[in-house]
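Asks: First, the structure itself, so that you have it in front of you.
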Amino acid sequence: MSILKNVFRSSLSIALLTAVPLISSAQKKKEKDKDYAQLVDPFIGTGGHGHTYPGPVMPFGMVQLSPDTRLEGWDGCSGYHYTDSLVYGFSHTHLSGTGVGDYCDVLFMPTTGEPKFKNTEYRSHFSKKNESAVPGYYHTLLDKYNIGVELTATTRVGVHRYSYPSTDKANIIIDLQHRDEVLDSWIEVVNDHEVRGFRMSKGWADKQQVYFYAKFSKPFKTYGIALNNEVQNGRNKVEGKDVKLFLQFDNPGEVISKVGISAVSTEGALKNLDTEVPDFDFKKVQKDAKTAWNHELNKIQVEGGAPAQAPQSHPAGGTGPYGYAPPAKKTPQVDYAKIKQTIFYTALYHSMVAPSIYSDIDGQYRGLDQQVHTAQGFDYYTVFSLWDTYRAENPLLTLIDRKRTLDFIKSFMAMYEQGGLLPIWPLATTETYCMIGNHSIPVIVDAYAKGIRDFDAEKAFTAMKAAVNRNQFGLDIYRKNGAVLSDVEDASVSKTLEYAYDDWCIAQMAKMLNKPQDYAEYIQRAQYWKNVYNNQNTFMQARFNGGWFQPFDPTEINGNYTEGNSWQYSFLVPHDVETLIEKMGGKQAFEAKLDELFTTQSKLSGADVPDVSGLIGQYAHGNEPSHHIAYLYNFTDSPDKTQFYVSRILREEYSNKPDGLAGNEDCGQMSAWYVMSSLGIYNIAPGQQDFQIGIPQFDKATINLENGKKFNIINPGAGITRANIYLQGMNLDKKVYSKLFINYDDIAKGGDFEVFTGRLANRIFTQDLEKPTSKISDSLIVANPYIIAPAKSFKHPFTIQIKSPDADAKIFYMLDGSTPTAASTLYTQPISINNNITVKAIAIKNGKSSFVDEASFIKLRDDIKLTIVNKYLPNYAAKGDESLIDGQRGTTNWRLGNWQGYQGKDFIGIVDMGPVKPVAEIGLNTLQDSRAWIVFPKYVQFWTSNDGKTYKLAATINTKVDIKDTDVQTQNFSAALNTNTRYIKIIAKQYGPLPDWHENKGSQSYIFADEITVK
């Protein structure tokens, strides 16, 4: 069935669905929730590179109250790492599984004795044996002080219970200077039971504001507010950038602290506090948190999933957390089903930690415009890691939490109204612009396609078009050329692919809104992926100077891809899979390509990007662009390989250990993949209603839908082995089911989906199943031609070829810089290039034209030679030794790869003019992006020599820009020589270690150089 027919069919069924009112949770709840919280282990993901935290948080809560054990570094993004043994305190906000650190606001730390304000003095050792956590509760013992710490939380309030030893100096330190850069803060002691304050900081989020109001169960006998670690005697309120407070109790035994937070005001924080925690009943808050989590976790109920005892012999492939070797002796009973359920429910838990509610109990919140607004009838959220979560977490929540999904969309629209753009990666009051694409779009479209429609769809559609038609992050280049070009924009391949998918989503929304002109436009744009597909090598490859980026190695991680390489991105066309199959040579060739991806022995090359992890061959489960790939076998004649690899990934890339995630949790995406894949369904292209069928991992899984229906996924063979299992048959509501996909409508109406599995692949059964559809069949485009040339710069004449990916297309070109048409020169043979020239070409097929393909060729100077004494870094090599004299200057977008980088040593280059000749001026162009450690040289010296041995200093040019200037900019160090010379030595002096104020203080800075000019 075509996508067009599918959309119309979906629209009709959605109308029927939306006519039925949602049944409230209270109405549908007929039996007591099962205690699935006991299966959740919050420590999963806190080790390795998972970047999760173990402290209490309510589902999607504003407060994430957790211990802080690590202040910096990539594996300190959440503030906690399982391998740590020192704790600085307990702060109220944390990020779950991100790759950039922030939050950890308003640190509380109980101590005894004389109060200390330096974190190296008040921190304490703690032991893992005394640490525990369950949803809504955390406990540890501070060894230094013998203080027991218990934490729990409501949505907007963190509650601490400290059990002190006998002492007349029991303290609570409140540190507002903790972690990121503080722009402003203040603390005020209201009375002997209450404290309030404010913190504004700059990290990943800019000008992040947190107000807090704290109440204590017992009166403190004294206090002291410190500014720059000095107590300000006699003052009950102190403001500054380094403000801390100690409260001291006289042998209190137990003290309970309850802390409300708000982004709006201390009044808002107080209202949150008094509404959600009116008393000091710690156990009640803890119990309510567990109840809330059980209510959420019961939305999916699973049973079984693995044999209770390991068999005496094991099938091939039994590796990973469920793998085992044949026991030499009698082995103890191991409940592998419980282990599997622990991983599942912890994954479901992590899928419900973020996004975070950001509006107060009265609906007030601080928007992206830094102004206070009121959410009318919905909760406003932040922390949307959309590049990650649109793939599995958002489709999961669209399935089981439609009301919250609607609130997400209303939050998106509020951000659009207040900031002028649909969100990309919003954090607090900042649009971080982290990652690529515009992936609030698929979230909105997927929700709308599945019947969530209580929002202004016309306004949302306008916002979507505004998002993809702005001139930012290469979108203008994408629209002009049909692809993002690596000459002018980094991550060009990844951006082209993600933009094309977003455009496909807009086309689906246009279809549902009956906008045929918009549909025609965006369904064409959805095909722009074809312009970065190299049909010669069947890989997605960057376009550079009218041709393909060279040299090319599909294993190389470089600036053309976002956290990945061509292997991982060459399958990122989830909305047009069948066309990709055709481009790769048909089903067999496509299957062979997938096989090679998963089985190749080749290693990653290029840049060291730790996100590219969880490798099976070149498949990288630790990063999101790979997450749909195993399901692509469903489009081939070997869908059993989807079952094989999904089972393998579930088994090998997840465990019940602290390092049990293959990569960053990424605000729920890594876990949501596990949840959806364990259920045996996965939506590879949100916005499309069909879920791919994989392999259900539990004996029974019940999805409790919000319309009161139950969808049961039953697999009696789930526990026959801990190795792979394969489909042998399927029934839907007792009728034979013969499709490799299941429509959302079938799930939404409830019912029983039975699968029958065995240990051996059943290709006779699976080959006859109806394959999923994913093909753009209307408004087809002509792919851009490409130019084959040895290089952009040249010394000697050469020839170029022009080819088209479409075999039947004709190519027309111009050599004078003008735009070619069908009346231009028809390409029939290679073209000779002798001088500086610009070539433009188009491909025409069936009366349709491609975009213009353009290449410029520059003849190099042959009168100078450059020798680089200190070699550049291999990751920042530009185009090699002659890059600095090729007549092309690098731009401020250094990620394009046209700058040469030097670290830990000065740049030293020697220009040889050949014979002694007059030189009027010499210059070296450099770049500074001090946040990225790239700093202008302290100075550049130019030395002259006639013999290449004895040099004379001709000029010293000092930098005019301070390292504290964080704007990305270039600076040309030039000097008038007006002398005769043969050799010119250029020395650019490194800045050296980064200064103390820099977040990476002590690390060696880089010099980035591109282009030496000699006049």
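Residues are named by chain letter and number: chains run A, B, ... in the order of the structure tokens, numbers start at 1 in each chain, and ligands are numbered from 1 in the order shown.
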Write out as an NGL selection string the residues lying within 8 Å of range 763-780 of chain A, counting only C-alpha atoms and excluding same-chain residues fewer than 2 positions away.

Replies: :A and (1-3 or 520 or 523-524 or 527 or 574-579 or 634-635 or 637-640 or 690 or 692 or 727-729 or 738-741 or 761 or 782)

Asks: Quick one: everything within 12 Å of Tyr1006 in chain A, counting only C-alpha atoms, minus sequence neighbours fewer than 5 positions away in the same chain. Send it as a PyMOL selection string.

Replies: chain A and resi 872-873+876+899-907+926-938+963+988-994

Asks: Tell me which protein, DNA and RNA residues are within 12 Å of Asp746 in chain A, counting only C-alpha atoms, leaving out same-chain ones fewer than 2 positions away, and put them as a list in words.

Replies: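 Contacts, with the query itself left out: Ser10, Ser13, Ile14, Leu17, Lys450, Gln689, Asp690, Phe691, Lys709, Lys710, Phe711, Asn712, Leu732, Asp733, Tyr737, Phe741, Ile742, Asn743, Tyr744, Ala748, Lys749, Gly750, Gly751, Asp752 and Phe753 of chain A.
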
Asks: Which residues of range 777-891 of chain A have any atom within 12 Å of an atom in range 487-503 of chain A when counting only C-alpha atoms, and what is the closest pair of atoms for each, with the distance in Å to one decimal? Order the rows by chain and rising number and write it as a tab-separated table.

Replies:
```
residue	atom	partner	partner_atom	distance
A:Lys792	CA	A:Asp487	CA	11.1
A:Glu854	CA	A:Asp487	CA	11.2
A:Ala855	CA	A:Asp487	CA	10.4
A:Ser856	CA	A:Asp487	CA	11.2
A:Ala878	CA	A:Asp487	CA	11.8
A:Gln888	CA	A:Asp487	CA	11.3
A:Arg889	CA	A:Asp487	CA	11.7
A:Gly890	CA	A:Val488	CA	9.8
A:Thr891	CA	A:Val488	CA	8.5
```

Asks: Filtering to N, CA and C atoms, could you give me those residues as a PDB file, in the first residue's frame?

Replies:
```pdb
ATOM      1  N   LYS A 792      40.364  20.526  -5.769  1.00  0.00           N
ATOM      2  CA  LYS A 792      39.862  21.863  -6.077  1.00  0.00           C
ATOM      3  C   LYS A 792      40.996  22.776  -6.525  1.00  0.00           C
ATOM      4  N   GLU A 854      27.682  22.846  -8.670  1.00  0.00           N
ATOM      5  CA  GLU A 854      28.695  23.869  -8.953  1.00  0.00           C
ATOM      6  C   GLU A 854      30.042  23.485  -8.365  1.00  0.00           C
ATOM      7  N   ALA A 855      31.085  23.716  -9.166  1.00  0.00           N
ATOM      8  CA  ALA A 855      32.453  23.465  -8.713  1.00  0.00           C
ATOM      9  C   ALA A 855      33.365  24.584  -9.197  1.00  0.00           C
ATOM     10  N   SER A 856      34.263  25.003  -8.331  1.00  0.00           N
ATOM     11  CA  SER A 856      35.271  26.002  -8.698  1.00  0.00           C
ATOM     12  C   SER A 856      36.645  25.380  -8.587  1.00  0.00           C
ATOM     13  N   ALA A 878      43.099  19.735   7.488  1.00  0.00           N
ATOM     14  CA  ALA A 878      42.562  20.399   6.296  1.00  0.00           C
ATOM     15  C   ALA A 878      42.795  19.474   5.092  1.00  0.00           C
ATOM     16  N   GLN A 888      42.629  29.623  -0.496  1.00  0.00           N
ATOM     17  CA  GLN A 888      41.294  29.572   0.114  1.00  0.00           C
ATOM     18  C   GLN A 888      41.411  29.797   1.617  1.00  0.00           C
ATOM     19  N   ARG A 889      40.625  30.720   2.124  1.00  0.00           N
ATOM     20  CA  ARG A 889      40.654  31.014   3.555  1.00  0.00           C
ATOM     21  C   ARG A 889      39.523  30.305   4.278  1.00  0.00           C
ATOM     22  N   GLY A 890      39.844  29.796   5.456  1.00  0.00           N
ATOM     23  CA  GLY A 890      38.828  29.170   6.279  1.00  0.00           C
ATOM     24  C   GLY A 890      37.854  30.193   6.840  1.00  0.00           C
ATOM     25  N   THR A 891      36.627  29.746   7.098  1.00  0.00           N
ATOM     26  CA  THR A 891      35.606  30.615   7.685  1.00  0.00           C
ATOM     27  C   THR A 891      35.537  30.352   9.187  1.00  0.00           C
TER      28      THR A 891
END
```

Asks: Near range 240-257 of chain A, counting only C-alpha atoms, which residues have an atom at most 9 Å away, once you skip same-chain residues fewer than 3 positions from it, shown as a ChimeraX atom specification?

Replies: /A:112,115-117,158-178,181-187,199,214-229,231,280-282

Asks: Any idea what's packed within 12 Å of Asn875 in chain A, counting only C-alpha atoms, ignoring anything in its chain fewer than 3 positions away? Could you give it as a list in words?

Replies: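 The residues that qualify are Glu556, Ile557, Asn558, Gly559, Ser605, Gly606, Ala607, Asp608, Val609, Lys871, Tyr872, Ala878, Lys879, Gly880, Arg895, Leu896, Gly897, Asn898, Trp899, Gln900, Gly901, Tyr902, Gln903 and Phe1008 of chain A.
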
Asks: List the neighbours of range 386-403 of chain A out to 8 Å using only C-alpha atoms; skip same-chain residues closer than 3 positions along the sequence, and give me the result as number ranges by chain.

Replies: A: 299, 351, 406-407, 424-425, 435-440, 442-443, 446-447, 450, 452, 624, 627, 666-669, 671-673, 676, 682-686, 703-706

Asks: Skipping near chain neighbours, those fewer than 4 positions away, what residues fall within 9 Å of Ala133 in chain A using only C-alpha atoms, listed as a PyMOL selection string?

Replies: chain A and resi 41-43+54-56+137-140

Asks: Please dump the current selection as a short mmCIF file (atom, residue, chain, number, x, y, z; two decimals), in the first residue's frame; keep C-alpha atoms.

Replies:
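Saved as part27.cif:
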```cif
data_model
loop_
_atom_site.label_atom_id
_atom_site.label_comp_id
_atom_site.auth_asym_id
_atom_site.auth_seq_id
_atom_site.Cartn_x
_atom_site.Cartn_y
_atom_site.Cartn_z
CA ASP A 41 17.12 -0.15 39.84
CA PRO A 42 17.99 3.56 39.57
CA PHE A 43 21.70 2.69 39.59
CA PRO A 54 20.13 7.55 41.27
CA GLY A 55 18.23 10.13 43.33
CA PRO A 56 14.46 10.51 43.69
CA TYR A 137 13.79 7.31 47.49
CA TYR A 138 17.57 7.40 48.02
CA HIS A 139 19.70 6.61 51.07
CA THR A 140 23.38 6.86 51.94
#
```

Asks: From a DSSP pass on the backbone, collect the residues of range 25-229 of chain A flagged as alpha helix (DSSP H) and hand them back as a list in words.

Replies: Ser25, Ala26, Gln27, Lys28, Asn119, Thr120, Glu121 and Tyr122 of chain A

Asks: Got time to write the residues from that selection, C-alpha atoms, as a PDB file, in the first residue's frame?

Replies:
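That gives us again-v8.pdb:
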```
ATOM      1  CA  SER A  25      -7.061   7.025  34.762  1.00  0.00           C
ATOM      2  CA  ALA A  26      -9.447   6.886  37.709  1.00  0.00           C
ATOM      3  CA  GLN A  27     -12.246   5.475  35.535  1.00  0.00           C
ATOM      4  CA  LYS A  28     -10.155   2.767  33.956  1.00  0.00           C
ATOM      5  CA  ASN A 119      33.597  21.794  48.972  1.00  0.00           C
ATOM      6  CA  THR A 120      36.939  20.019  49.340  1.00  0.00           C
ATOM      7  CA  GLU A 121      36.555  20.501  53.096  1.00  0.00           C
ATOM      8  CA  TYR A 122      32.877  19.663  53.621  1.00  0.00           C
TER       9      TYR A 122
END
```

Asks: With DSSP run on the backbone, what are the strand (DSSP E) residues within range 216-390 of chain A? I'd like them as an MDAnalysis selection string.

Replies: chainID A and resid 216 222:227 230:231 237:240 243:249 254:262 300:303 356:357 364:366 372:374 381:382

Asks: Grab the CA of Ser804 in chain A to CA of Leu572 in chain A distance for me, in Å with one decimal place.

Replies: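 A separation of 21.8 Å between them.
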
Asks: For CA of Ala269 in chain A and CA of Tyr380 in chain A, quote the distance in Å rounded to one decimal.

Replies: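 A separation of 15.8 Å between them.
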
Asks: Using only C-alpha atoms for the distances, tell me which of A:Gln618, A:Gln971, A:Gln333, A:Gln941 is nearest to Thr892 in chain A.

Replies: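 Smallest separation from Thr892 in chain A among the options: A:Gln971.
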